[in-house]
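A.B. asks: Structure in structure tokens, see below.
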Amino acid sequence: MSDAGRALYDDEPTAVTHVDTTPEAKVEDFDVADFLAGVRAYREAVLIYRGGDLIPRMRALAARIEAAPEGTNVDPLIDDFEALRREYEDGGTWWEVQARSTDWIVDLRIKAAAALGVTLTKDEARDITELAYEVREPLLYEQLAAQIVSPTGVTAKALRQMADAGAEGEVRKLMTAMAFVNSKESQSSGIFRADFSQRRSGNRGRRRSSARSK
């Protein structure tokens with residue numbers, strides 16, 4: 001068989017063609033007690049809005065603005081729309097949800113279920129997806145209230161009132177944040193992938209000039 005007919009890896013290489021260039025890990029000694037003293041649980045902040053009743057009013061104004069014939073003075077309608085939007089946005093507040101360990105969550109769910117007259121095993125408390133809705137939902141509200149660290153004093157009852165008042169979507173945002181912080185490492189947060197290097201004052205002019213030269 002000619003050389004051209006040989007498979008790529010038919011023969012063992014006769015000379016070194018590649019080397020391992022992985023950097024050597026720098027392992028350093030440190031005080032474990034000091035390290036643990038600085039450990040902080042991962043948290044996520046969620047922007048919660050309370051002015052859901054303003055949205056249909058904004059939609060009605062937007063429809064009137066868009067339907068107005070060309071040349072119609074819609075400035076007053078636009079002013080009203082923007083005032084409602086500012087009112088909605090100004091009503092937003094940041095809520096902070098803190099991660100908890102699996103053992104902490106299991107213990108809380110067992111105690112919360114007992115308050116409902118329901119006995120849970122640790123396995124059932126670890127995965128509550130198969131529980132009846134009337135049991136699972138109160139447990140999630142109790143867990144969420146316990147994991148919200150800001151604002152302080154949030155209760156399961158208050159979260160239920162928020163949902164019943166028409167802000168169920170906002171409560172769902174908090175539930176999503178709770179699931180996220182309990183399943184992610186802090187370094188997995190998307191914030192570590194943010195790159196603001198082009199926003200530095202020394203780079204902005206350079207970026208614009210290079211764009212013009214192309």
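Every chain in the structure tokens takes a letter, A first, then B, and so on in the order presented; its residues are numbered from 1, and the ligands are numbered from 1 following the presented order.
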Quick one: residues within 9 Å of region 135-148 of chain A, only C-alpha atoms, excluding same-chain residues fewer than 4 positions away - as number ranges by chain?

C.D. replies: A: 95-100, 105, 108-110, 112-113, 116, 118, 128-131, 152-160, 174-175, 178

A.B. asks: Please write the residues from the selection above to a file, keeping N, CA and C atoms, as a PDB file, in the first residue's frame.

C.D. replies:
```
ATOM      1  N   TRP A  95     -35.573  42.695  45.669  1.00  0.00           N
ATOM      2  CA  TRP A  95     -35.715  41.652  46.687  1.00  0.00           C
ATOM      3  C   TRP A  95     -34.538  40.696  46.529  1.00  0.00           C
ATOM      4  N   GLU A  96     -33.996  40.242  47.651  1.00  0.00           N
ATOM      5  CA  GLU A  96     -32.798  39.402  47.626  1.00  0.00           C
ATOM      6  C   GLU A  96     -33.108  38.017  48.200  1.00  0.00           C
ATOM      7  N   VAL A  97     -32.734  37.007  47.428  1.00  0.00           N
ATOM      8  CA  VAL A  97     -32.970  35.612  47.817  1.00  0.00           C
ATOM      9  C   VAL A  97     -31.626  34.942  48.059  1.00  0.00           C
ATOM     10  N   GLN A  98     -31.484  34.262  49.184  1.00  0.00           N
ATOM     11  CA  GLN A  98     -30.215  33.646  49.571  1.00  0.00           C
ATOM     12  C   GLN A  98     -30.265  32.130  49.438  1.00  0.00           C
ATOM     13  N   ALA A  99     -29.174  31.559  48.948  1.00  0.00           N
ATOM     14  CA  ALA A  99     -29.073  30.108  48.796  1.00  0.00           C
ATOM     15  C   ALA A  99     -29.057  29.416  50.155  1.00  0.00           C
ATOM     16  N   ARG A 100     -29.598  28.218  50.187  1.00  0.00           N
ATOM     17  CA  ARG A 100     -29.569  27.389  51.389  1.00  0.00           C
ATOM     18  C   ARG A 100     -29.135  25.976  51.010  1.00  0.00           C
ATOM     19  N   ILE A 105     -33.020  22.929  53.583  1.00  0.00           N
ATOM     20  CA  ILE A 105     -34.300  22.921  52.866  1.00  0.00           C
ATOM     21  C   ILE A 105     -35.160  21.739  53.288  1.00  0.00           C
ATOM     22  N   LEU A 108     -36.564  22.348  56.767  1.00  0.00           N
ATOM     23  CA  LEU A 108     -37.637  23.343  56.753  1.00  0.00           C
ATOM     24  C   LEU A 108     -38.926  22.754  56.200  1.00  0.00           C
ATOM     25  N   ARG A 109     -38.822  21.991  55.125  1.00  0.00           N
ATOM     26  CA  ARG A 109     -40.023  21.418  54.511  1.00  0.00           C
ATOM     27  C   ARG A 109     -40.702  20.413  55.434  1.00  0.00           C
ATOM     28  N   ILE A 110     -39.913  19.629  56.150  1.00  0.00           N
ATOM     29  CA  ILE A 110     -40.484  18.655  57.077  1.00  0.00           C
ATOM     30  C   ILE A 110     -41.263  19.368  58.183  1.00  0.00           C
ATOM     31  N   ALA A 112     -42.488  22.482  58.045  1.00  0.00           N
ATOM     32  CA  ALA A 112     -43.632  23.185  57.472  1.00  0.00           C
ATOM     33  C   ALA A 112     -44.770  22.211  57.175  1.00  0.00           C
ATOM     34  N   ALA A 113     -44.429  21.017  56.717  1.00  0.00           N
ATOM     35  CA  ALA A 113     -45.444  20.011  56.443  1.00  0.00           C
ATOM     36  C   ALA A 113     -46.109  19.546  57.734  1.00  0.00           C
ATOM     37  N   LEU A 116     -48.855  21.533  58.828  1.00  0.00           N
ATOM     38  CA  LEU A 116     -50.069  21.294  58.048  1.00  0.00           C
ATOM     39  C   LEU A 116     -50.715  19.965  58.396  1.00  0.00           C
ATOM     40  N   VAL A 118     -49.065  17.083  57.991  1.00  0.00           N
ATOM     41  CA  VAL A 118     -48.554  16.112  57.015  1.00  0.00           C
ATOM     42  C   VAL A 118     -47.162  15.666  57.452  1.00  0.00           C
ATOM     43  N   ILE A 128     -40.212  17.378  46.202  1.00  0.00           N
ATOM     44  CA  ILE A 128     -41.637  17.519  46.511  1.00  0.00           C
ATOM     45  C   ILE A 128     -42.505  17.579  45.254  1.00  0.00           C
ATOM     46  N   THR A 129     -41.908  17.261  44.117  1.00  0.00           N
ATOM     47  CA  THR A 129     -42.664  17.370  42.865  1.00  0.00           C
ATOM     48  C   THR A 129     -43.833  16.401  42.804  1.00  0.00           C
ATOM     49  N   GLU A 130     -43.756  15.290  43.527  1.00  0.00           N
ATOM     50  CA  GLU A 130     -44.832  14.297  43.472  1.00  0.00           C
ATOM     51  C   GLU A 130     -45.895  14.525  44.543  1.00  0.00           C
ATOM     52  N   LEU A 131     -45.698  15.514  45.402  1.00  0.00           N
ATOM     53  CA  LEU A 131     -46.684  15.771  46.448  1.00  0.00           C
ATOM     54  C   LEU A 131     -47.932  16.412  45.861  1.00  0.00           C
ATOM     55  N   THR A 152     -36.663  42.364  54.958  1.00  0.00           N
ATOM     56  CA  THR A 152     -36.796  41.456  56.090  1.00  0.00           C
ATOM     57  C   THR A 152     -38.263  41.305  56.490  1.00  0.00           C
ATOM     58  N   GLY A 153     -38.533  40.226  57.169  1.00  0.00           N
ATOM     59  CA  GLY A 153     -39.872  40.017  57.701  1.00  0.00           C
ATOM     60  C   GLY A 153     -40.890  39.504  56.704  1.00  0.00           C
ATOM     61  N   VAL A 154     -40.452  39.018  55.546  1.00  0.00           N
ATOM     62  CA  VAL A 154     -41.388  38.477  54.564  1.00  0.00           C
ATOM     63  C   VAL A 154     -41.929  37.142  55.067  1.00  0.00           C
ATOM     64  N   THR A 155     -43.236  36.956  54.982  1.00  0.00           N
ATOM     65  CA  THR A 155     -43.865  35.711  55.425  1.00  0.00           C
ATOM     66  C   THR A 155     -44.530  35.013  54.241  1.00  0.00           C
ATOM     67  N   ALA A 156     -44.819  33.735  54.437  1.00  0.00           N
ATOM     68  CA  ALA A 156     -45.531  32.985  53.407  1.00  0.00           C
ATOM     69  C   ALA A 156     -46.908  33.594  53.154  1.00  0.00           C
ATOM     70  N   LYS A 157     -47.540  34.072  54.220  1.00  0.00           N
ATOM     71  CA  LYS A 157     -48.854  34.703  54.083  1.00  0.00           C
ATOM     72  C   LYS A 157     -48.768  35.955  53.221  1.00  0.00           C
ATOM     73  N   ALA A 158     -47.731  36.751  53.424  1.00  0.00           N
ATOM     74  CA  ALA A 158     -47.569  37.978  52.635  1.00  0.00           C
ATOM     75  C   ALA A 158     -47.345  37.658  51.161  1.00  0.00           C
ATOM     76  N   LEU A 159     -46.572  36.609  50.882  1.00  0.00           N
ATOM     77  CA  LEU A 159     -46.334  36.212  49.496  1.00  0.00           C
ATOM     78  C   LEU A 159     -47.622  35.722  48.848  1.00  0.00           C
ATOM     79  N   ARG A 160     -48.423  34.995  49.613  1.00  0.00           N
ATOM     80  CA  ARG A 160     -49.707  34.534  49.107  1.00  0.00           C
ATOM     81  C   ARG A 160     -50.620  35.720  48.811  1.00  0.00           C
ATOM     82  N   LEU A 174     -39.582  35.415  41.995  1.00  0.00           N
ATOM     83  CA  LEU A 174     -38.875  35.086  43.229  1.00  0.00           C
ATOM     84  C   LEU A 174     -38.667  33.582  43.355  1.00  0.00           C
ATOM     85  N   MET A 175     -39.681  32.801  42.970  1.00  0.00           N
ATOM     86  CA  MET A 175     -39.556  31.343  43.006  1.00  0.00           C
ATOM     87  C   MET A 175     -38.427  30.884  42.074  1.00  0.00           C
ATOM     88  N   MET A 178     -35.147  31.578  43.645  1.00  0.00           N
ATOM     89  CA  MET A 178     -34.876  30.622  44.706  1.00  0.00           C
ATOM     90  C   MET A 178     -34.322  29.318  44.132  1.00  0.00           C
TER      91      MET A 178
END
```

A.B. asks: Could you pull out the alpha helix (DSSP H) residues of region 20-199 of chain A, going by DSSP on the backbone, and write them as a ChimeraX atom specification?

C.D. replies: /A:32-37,54-67,75-90,102-115,122-126,133-147,156-162,168-183

A.B. asks: Could you please write out, as a list in words, every residue of region 31-199 of chain A that DSSP assigns to strand (DSSP E or B)?

C.D. replies: Arg43, Glu44, Ala45, Val46, Leu47, Ile48, Thr93, Trp94, Trp95, Glu96, Val97, Gln98, Ile148, Val149 and Ser150 of chain A

A.B. asks: Could you dump the residues just selected with N, CA, C and O atoms as a CSV table (one decimal), in the first residue's frame?

C.D. replies:
```
chain,number,residue,atom,x,y,z
A,43,ARG,N,-26.3,34.9,46.6
A,43,ARG,CA,-27.6,35.6,46.6
A,43,ARG,C,-28.0,36.1,45.2
A,43,ARG,O,-27.1,36.3,44.4
A,44,GLU,N,-29.2,36.2,44.9
A,44,GLU,CA,-29.7,36.8,43.7
A,44,GLU,C,-30.7,37.9,44.1
A,44,GLU,O,-31.5,37.7,44.9
A,45,ALA,N,-30.6,39.0,43.4
A,45,ALA,CA,-31.5,40.1,43.5
A,45,ALA,C,-32.5,40.1,42.4
A,45,ALA,O,-32.2,39.9,41.3
A,46,VAL,N,-33.8,40.4,42.8
A,46,VAL,CA,-34.9,40.3,41.8
A,46,VAL,C,-35.6,41.7,41.9
A,46,VAL,O,-36.0,42.1,43.0
A,47,LEU,N,-35.8,42.3,40.8
A,47,LEU,CA,-36.6,43.5,40.7
A,47,LEU,C,-38.1,43.2,40.7
A,47,LEU,O,-38.6,42.7,39.7
A,48,ILE,N,-38.8,43.6,41.7
A,48,ILE,CA,-40.2,43.3,41.9
A,48,ILE,C,-41.0,44.6,41.7
A,48,ILE,O,-40.7,45.6,42.3
A,93,THR,N,-38.8,47.5,43.4
A,93,THR,CA,-37.9,47.4,44.5
A,93,THR,C,-37.1,46.1,44.4
A,93,THR,O,-37.6,45.1,43.8
A,94,TRP,N,-35.9,46.1,44.9
A,94,TRP,CA,-35.1,44.9,44.8
A,94,TRP,C,-35.3,43.9,46.0
A,94,TRP,O,-35.2,44.4,47.1
A,95,TRP,N,-35.6,42.7,45.7
A,95,TRP,CA,-35.7,41.7,46.7
A,95,TRP,C,-34.5,40.7,46.5
A,95,TRP,O,-34.1,40.4,45.4
A,96,GLU,N,-34.0,40.2,47.7
A,96,GLU,CA,-32.8,39.4,47.6
A,96,GLU,C,-33.1,38.0,48.2
A,96,GLU,O,-33.7,37.9,49.3
A,97,VAL,N,-32.7,37.0,47.4
A,97,VAL,CA,-33.0,35.6,47.8
A,97,VAL,C,-31.6,34.9,48.1
A,97,VAL,O,-30.7,35.0,47.2
A,98,GLN,N,-31.5,34.3,49.2
A,98,GLN,CA,-30.2,33.6,49.6
A,98,GLN,C,-30.3,32.1,49.4
A,98,GLN,O,-31.3,31.5,49.8
A,148,ILE,N,-35.8,34.6,51.5
A,148,ILE,CA,-35.8,36.0,51.2
A,148,ILE,C,-35.1,36.7,52.4
A,148,ILE,O,-35.6,36.7,53.5
A,149,VAL,N,-34.0,37.4,52.1
A,149,VAL,CA,-33.3,38.0,53.2
A,149,VAL,C,-33.5,39.6,53.1
A,149,VAL,O,-33.1,40.3,54.1
A,150,SER,N,-34.0,40.1,52.0
A,150,SER,CA,-34.3,41.5,51.9
A,150,SER,C,-35.4,41.7,50.9
A,150,SER,O,-35.3,41.1,49.8
```

A.B. asks: What does the distance from CA of Gly91 (chain A) to CA of Leu61 (chain A) come to in Å, to one decimal?

C.D. replies: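 Going from CA of Gly91 (chain A) over to CA of Leu61 (chain A), I get 19.7 Å.
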
A.B. asks: Mind giving me the straight-line distance from CA of Lys26 (chain A) to CA of Ala41 (chain A) in Å, one decimal?

C.D. replies: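 Rounded to one decimal, the two atoms are 25.9 Å apart.
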
A.B. asks: Using only C-alpha atoms, find the one residue out of A:Asp103, A:Gly71, A:Met58, A:Glu168 that sits nearest to Ala83 (chain A).

C.D. replies: A:Met58

A.B. asks: Would you pick out the contacts of region 74-81 of chain A at 8 Å or less, using only C-alpha atoms, so that residues sharing its chain but fewer than 2 positions from it are not included, and give the list as a count of residues only?

C.D. replies: 10

A.B. asks: For Ser101 (chain A), which residue out of A:Ala25, A:Arg126, A:Arg59, A:Tyr88 is the nearest one, using only C-alpha atoms?

C.D. replies: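 Answer, going by the shortest atom-to-atom distance: A:Arg126.
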
A.B. asks: Go ahead and compute the interatomic distance for CA of Asp53 (chain A) and CA of Ala67 (chain A), in Å to one decimal.

C.D. replies: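 The value is 22.5 Å.
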